Each structure stands twice: as structure tokens, then as C-alpha cells.
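Chemist: Can you read through this structure? Questions will come right after.
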Amino acid sequence: MKTVVCENYEEVCNHAADIFVRQLKDKPDSVLGLATGSTPIGLYDELTRRYEAGEIDFSKARSFNLDEYYPIDPSHPQSYDYFMRQHLFNKINLEKFNIPNGAASDPAAECTRYDMLIDAAGGIDLMLLGIGINGHIGFNEPAVSYPTGTYKVDLTESSIEANSRFFGPDEHQPVTALTMGIGHIFKSKKIVLIISGASKAEIAKKLFEGVIHTDVPACLLLLHPDVTVIIDKAANKGE
Ligand code: GLP
């Protein structure tokens with residue numbers, strides 16, 4: 001695992017954007033794995049800026065998002081579908097994007113459909129990850145076993161609580177989600193994990209111990225041959 005320690009969040013986003021630019025220069029038809037949460041927002045802004053400056057072209061690329069709440073309508077302002085359109089897809093020339101359908105009537109069938117799409121695309125070339133304060137990646141929550149394919153997951157209290165800040169007091173917050181399993185994440189050729197802010201210092205410290213804590217899903221990344229962690233000083237306090 002390669003670690004890049006940045007001065008601040010802006011530098012994290014710039015560094016991650018450089019990796020996306022290089023990836024699409026080397027392989028314009030790359031398959032990108034994309035994440036939600038507040039951490040990637042600055043990166044998506046930077047990618048938009050670079051797209052507008054003519055420095056990156058997404059026209060031949062395609063993408064698969066990690067996860068989506070379930071059930072949720074894609075038009076709901078808190079859906080990850082809405083988030084991705086708002087922060088990235090409406091602003092760049094990426095036409096072929098995929099997100100699990102939070103409104104599917106049969107979640108198991110939707111997971112199978114999503115797996116087939118990822119496999120048909122040849123798997124993911126560059127996977128962007130954030131990390132939950134409990135160590136989740138995508139919505140692979142701490143557990144004793146981890147499905148390899150896309151699956152419906154019960155969110156933990158910690159994740160529900162952490163994400164409640166996005167929901168208004170009268171808005172229903174889903175307690176389940178559809179998430180890419182560990183298998184698709186692991187088959188990604190390259191993984192970039194971005195970590196920012198003091199609230200992530202404790203979990204980052206755990207990750208950097210170099211020990212596979214099986215109840216910390218992000219620790220499984222220690223086994224992948226090409227992971228770059230880009231972290232700011234605020235999150236790297238626990239060194
Ligand atoms: C969300 C997403 C994850 C994300 C994580 C951290 O629930 N499912 O993909 O990495 O939580 O989010 P944030 O960046 O807002 O801390």
C-alpha cells in the first residue's frame with residue numbers, strides 16, 4: 001500500500017485528480033469505480049475544472065458507482081444517483097455511468113444485473129474509495145464474512161448515524177443499501193483511497209497498523225497489490 005500524505009484536503013483532491021487524468025490518458029476507455037460521501041466532492045469539483053480546461057476527456061470511459069441506498073428513488077435528493085448527477089455526471093462528458101437502482105422491485109435481481117454489467121465491462125480499472133469511520137468501504141460494513149458480488153446490506157448504527165447529517169428531520173433515511181461486494185473492489189486493477197479530516201484519524205491509524213483486522217473492511221485493502229492512500233495531515237494524526 002502506497003501512502004501519500006498531503007498538507008490539506010485540497011491537495012488530496014488534486015493528487016487524486018492527477019491519477020484520474022493519467023488513467024484516462026493511458027486508457028481513454030477505462031472503467032472507473034466511483035464513490036459518494038462528502039470526501040470525493042472536492043475531487044469531483046477538481047475533475048470538473050480539469051474537464052472544462054480540456055485536460056481530461058471522459059467520452060470513452062464508463063463508470064460504476066459503489067453503492068446506493070435501498071430502497072430509494074433515484075430522483076430523491078439524498079440518493080447516490082442524485083448526488084453523482086449533481087456533483088459530476090451533469091458537468092462532464094461521461095455518458096456511460098452505472099449506479100445500483102435503489103428503486104428496483106427485486107433487490108437480489110438488481111444485484112445480479114449490476115454484477116453482470118461490471119463483468120461484461122471487464123471489471124474496474126481504477127476504483128475510487130472513501131472510508132467510513134467504522135472502516136467500511138462502499139457499504140461493506142464490518143462483518144464476519146464479506147460477499148464478493150453486489151448485495152443488499154443492513155447498514156450499521158454507526159453508518160446510519162454518520163450519514164444522518166444529509167437527511168432532513170422529516171426525511172426517511174434508508175437503513176439498507178445495495179453495495180458492490182469486496183470481490184469487485186479487489187479485482188480492480190488500481191485502487192485510490194482518499195481520507196480527509198480529524199474524524200477519520202482513528203480509523204486511518206488502524207489501517208496503517210499493517211494488521212488485517214477482519215472487522216475493519218478497509219484493512220482487506222492491505223492485501224491488494226496496487227492501492228494508493230491519499231490522506232491529509234488532519235486524518236494522519238494517529239501516526
Ligand atoms: C458513505 C459511502 C462510502 C463513503 C463513506 C464515507 O456512507 N457509502 O462510500 O466512503 O460513507 O463518507 P464521507 O466521505 O462522507 O465520510
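We name chains A, B, ... following the order of the C-alpha cells; residues begin at 1 in each chain, and ligands are numbered from 1 as shown.
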Can you tell me which residues sit at most 8 Å away from ligand 1, counting only C-alpha atoms and all ligand atoms, written as a VMD selection string?

Modeler: chain A and resid 35 to 40 66 to 68 129 to 133 136 to 139 159 162 to 163 195 to 196 200

Chemist: Out of range 7-37 of chain A, which residues get strand (DSSP E) from DSSP, as a compact mmCIF listing (two decimals) with N, CA, C and O atoms, in the first residue's frame?

Modeler:
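Printed below is states_25.txt as written:
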# COMPACT_ATOMS: atom_id res chain seq x y z
N VAL A 31 -12.59 1.73 -17.22
CA VAL A 31 -13.78 1.52 -16.39
C VAL A 31 -13.44 2.07 -15.00
O VAL A 31 -12.50 1.61 -14.36
N LEU A 32 -14.20 3.07 -14.59
CA LEU A 32 -13.92 3.75 -13.32
C LEU A 32 -14.91 3.29 -12.25
O LEU A 32 -16.11 3.15 -12.52
N GLY A 33 -14.42 3.08 -11.05
CA GLY A 33 -15.30 2.83 -9.91
C GLY A 33 -15.40 4.13 -9.13
O GLY A 33 -14.38 4.76 -8.85
N LEU A 34 -16.61 4.55 -8.80
CA LEU A 34 -16.77 5.86 -8.16
C LEU A 34 -17.47 5.75 -6.81
O LEU A 34 -18.28 4.85 -6.58

Chemist: Write out as an NGL selection string the residues lying within 9 Å of Arg113 in chain A, counting only C-alpha atoms and excluding same-chain residues fewer than 5 positions away.

Modeler: :A and (100 or 108 or 118)

Chemist: Can those selected residues be exported to a file as a PDB file, in the first residue's frame so that it contains C-alpha atoms?

Modeler:
ATOM      1  CA  PRO A 100     -27.313   0.291  -8.471  1.00  0.00           C
ATOM      2  CA  ALA A 108     -31.384  -9.597  -5.492  1.00  0.00           C
ATOM      3  CA  ILE A 118     -19.379  -4.972 -14.240  1.00  0.00           C
TER       4      ILE A 118
END

Chemist: Under the rule that only C-alpha atoms are counted, which of A:Ala109, A:Leu220, A:Ile99, A:Leu88 is the nearest residue to Met180 in chain A?

Modeler: A:Ile99

Chemist: Considering only C-alpha atoms, state which residue in the set A:Gly42, A:Pro225, A:Pro28, A:Pro74 is at the smallest distance from Asn8 in chain A.

Modeler: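 Between A:Gly42, A:Pro225, A:Pro28, A:Pro74, the residue approaching Asn8 in chain A most closely is A:Gly42.
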
Chemist: Do you know which residues are at most 7 Å from Ile191 in chain A counting only C-alpha atoms, after dropping those on the same chain fewer than 6 positions away, and could you put them as a list in words?

Modeler: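 Everything that qualifies: Leu126, Met127, Leu128, Asp226, Val227 and Thr228 of chain A.
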
Chemist: With N, CA, C and O atoms retained, write the just-selected residues as a CSV table (one decimal), in the first residue's frame.

Modeler:
chain,number,residue,atom,x,y,z
A,126,LEU,N,-9.8,1.5,-12.4
A,126,LEU,CA,-9.4,2.5,-11.4
A,126,LEU,C,-10.6,2.6,-10.4
A,126,LEU,O,-11.7,3.1,-10.8
A,127,MET,N,-10.4,2.2,-9.2
A,127,MET,CA,-11.5,2.3,-8.2
A,127,MET,C,-11.2,3.4,-7.2
A,127,MET,O,-10.2,3.4,-6.5
A,128,LEU,N,-12.1,4.3,-7.0
A,128,LEU,CA,-12.0,5.3,-6.0
A,128,LEU,C,-12.8,4.9,-4.8
A,128,LEU,O,-14.0,4.5,-4.9
A,226,ASP,N,-2.1,-2.9,-5.6
A,226,ASP,CA,-2.0,-1.6,-6.1
A,226,ASP,C,-3.0,-0.6,-5.5
A,226,ASP,O,-4.0,-0.2,-6.1
A,227,VAL,N,-2.7,-0.3,-4.3
A,227,VAL,CA,-3.6,0.7,-3.5
A,227,VAL,C,-2.7,1.9,-3.2
A,227,VAL,O,-1.6,1.8,-2.7
A,228,THR,N,-3.3,3.1,-3.5
A,228,THR,CA,-2.7,4.4,-3.1
A,228,THR,C,-3.6,5.0,-2.1
A,228,THR,O,-4.8,5.3,-2.5

Chemist: I want to know what sits within 12 Å of Asp45 in chain A, based on only C-alpha atoms, with residues of the same chain fewer than 2 positions away left out; could you give that as a list in words?

Modeler: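 Surrounding residues, per the criterion: Glu10, Cys13, Asn14, Ala16, Ala17, Ser38, Thr39, Pro40, Ile41, Gly42, Leu43, Leu47, Thr48, Arg49, Arg50, Tyr51, Glu52, Met84, Gln86, His87, Leu88, Phe89, Asn90, Lys91 and Ile92 of chain A.
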
Chemist: With C-alpha atoms retained, export the selected residues as a PDB file, in the first residue's frame.

Modeler:
ATOM      1  CA  GLU A  10      -7.360  20.440  -1.464  1.00  0.00           C
ATOM      2  CA  CYS A  13      -8.223  16.177  -4.285  1.00  0.00           C
ATOM      3  CA  ASN A  14      -5.528  17.476  -6.628  1.00  0.00           C
ATOM      4  CA  ALA A  16      -6.340  12.069  -6.785  1.00  0.00           C
ATOM      5  CA  ALA A  17      -7.364  14.116  -9.835  1.00  0.00           C
ATOM      6  CA  SER A  38     -18.501  14.136   1.334  1.00  0.00           C
ATOM      7  CA  THR A  39     -14.836  13.241   0.760  1.00  0.00           C
ATOM      8  CA  PRO A  40     -14.985  12.853  -3.057  1.00  0.00           C
ATOM      9  CA  ILE A  41     -16.857  16.148  -3.590  1.00  0.00           C
ATOM     10  CA  GLY A  42     -13.656  18.219  -3.865  1.00  0.00           C
ATOM     11  CA  LEU A  43     -12.186  15.652  -6.230  1.00  0.00           C
ATOM     12  CA  LEU A  47     -12.207  16.784 -12.214  1.00  0.00           C
ATOM     13  CA  THR A  48     -14.940  19.124 -13.480  1.00  0.00           C
ATOM     14  CA  ARG A  49     -12.467  22.006 -13.517  1.00  0.00           C
ATOM     15  CA  ARG A  50      -9.934  19.938 -15.454  1.00  0.00           C
ATOM     16  CA  TYR A  51     -12.611  18.734 -17.871  1.00  0.00           C
ATOM     17  CA  GLU A  52     -13.619  22.341 -18.547  1.00  0.00           C
ATOM     18  CA  MET A  84     -23.482  11.791  -8.708  1.00  0.00           C
ATOM     19  CA  GLN A  86     -25.298  16.883  -9.127  1.00  0.00           C
ATOM     20  CA  HIS A  87     -21.579  16.666  -8.375  1.00  0.00           C
ATOM     21  CA  LEU A  88     -20.186  15.083 -11.539  1.00  0.00           C
ATOM     22  CA  PHE A  89     -22.274  13.477 -14.271  1.00  0.00           C
ATOM     23  CA  ASN A  90     -24.198  16.634 -15.203  1.00  0.00           C
ATOM     24  CA  LYS A  91     -20.924  18.524 -15.541  1.00  0.00           C
ATOM     25  CA  ILE A  92     -18.641  16.256 -17.581  1.00  0.00           C
TER      26      ILE A  92
END

Chemist: Out of range 3-73 of chain A, which residues get helix (DSSP H, G or I) from DSSP, as a ChimeraX atom specification?

Modeler: /A:9-26,40-52

Chemist: Residues within 12 Å of range 146-148 of chain A, please, as JSON, numbers by chain. Count only C-alpha atoms; anything in the same chain fewer than 2 positions from it doesn't count.

Modeler: {"A": [111, 112, 115, 136, 137, 139, 140, 141, 142, 143, 144, 150, 151, 152, 153, 178, 179, 180, 181, 182, 183, 184, 185, 186, 187, 214, 215, 216, 217, 218, 220]}

Chemist: Using only C-alpha atoms, which residue out of A:Ile230, A:Lys27, A:Lys2, A:Phe97 lies closest to Leu117 in chain A?

Modeler: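 Looking only at the distances to Leu117 in chain A, the closest residue turns out to be A:Phe97.
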
Chemist: Do you know which residues are at most 9 Å from Glu202 in chain A counting only C-alpha atoms, after dropping those on the same chain fewer than 4 positions away, and could you put them as a list in words?

Modeler: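 What passes the distance filter is Ile133, Ala198, Lys206, Leu207, Ala235, Asn236, Lys237 and Gly238 of chain A.
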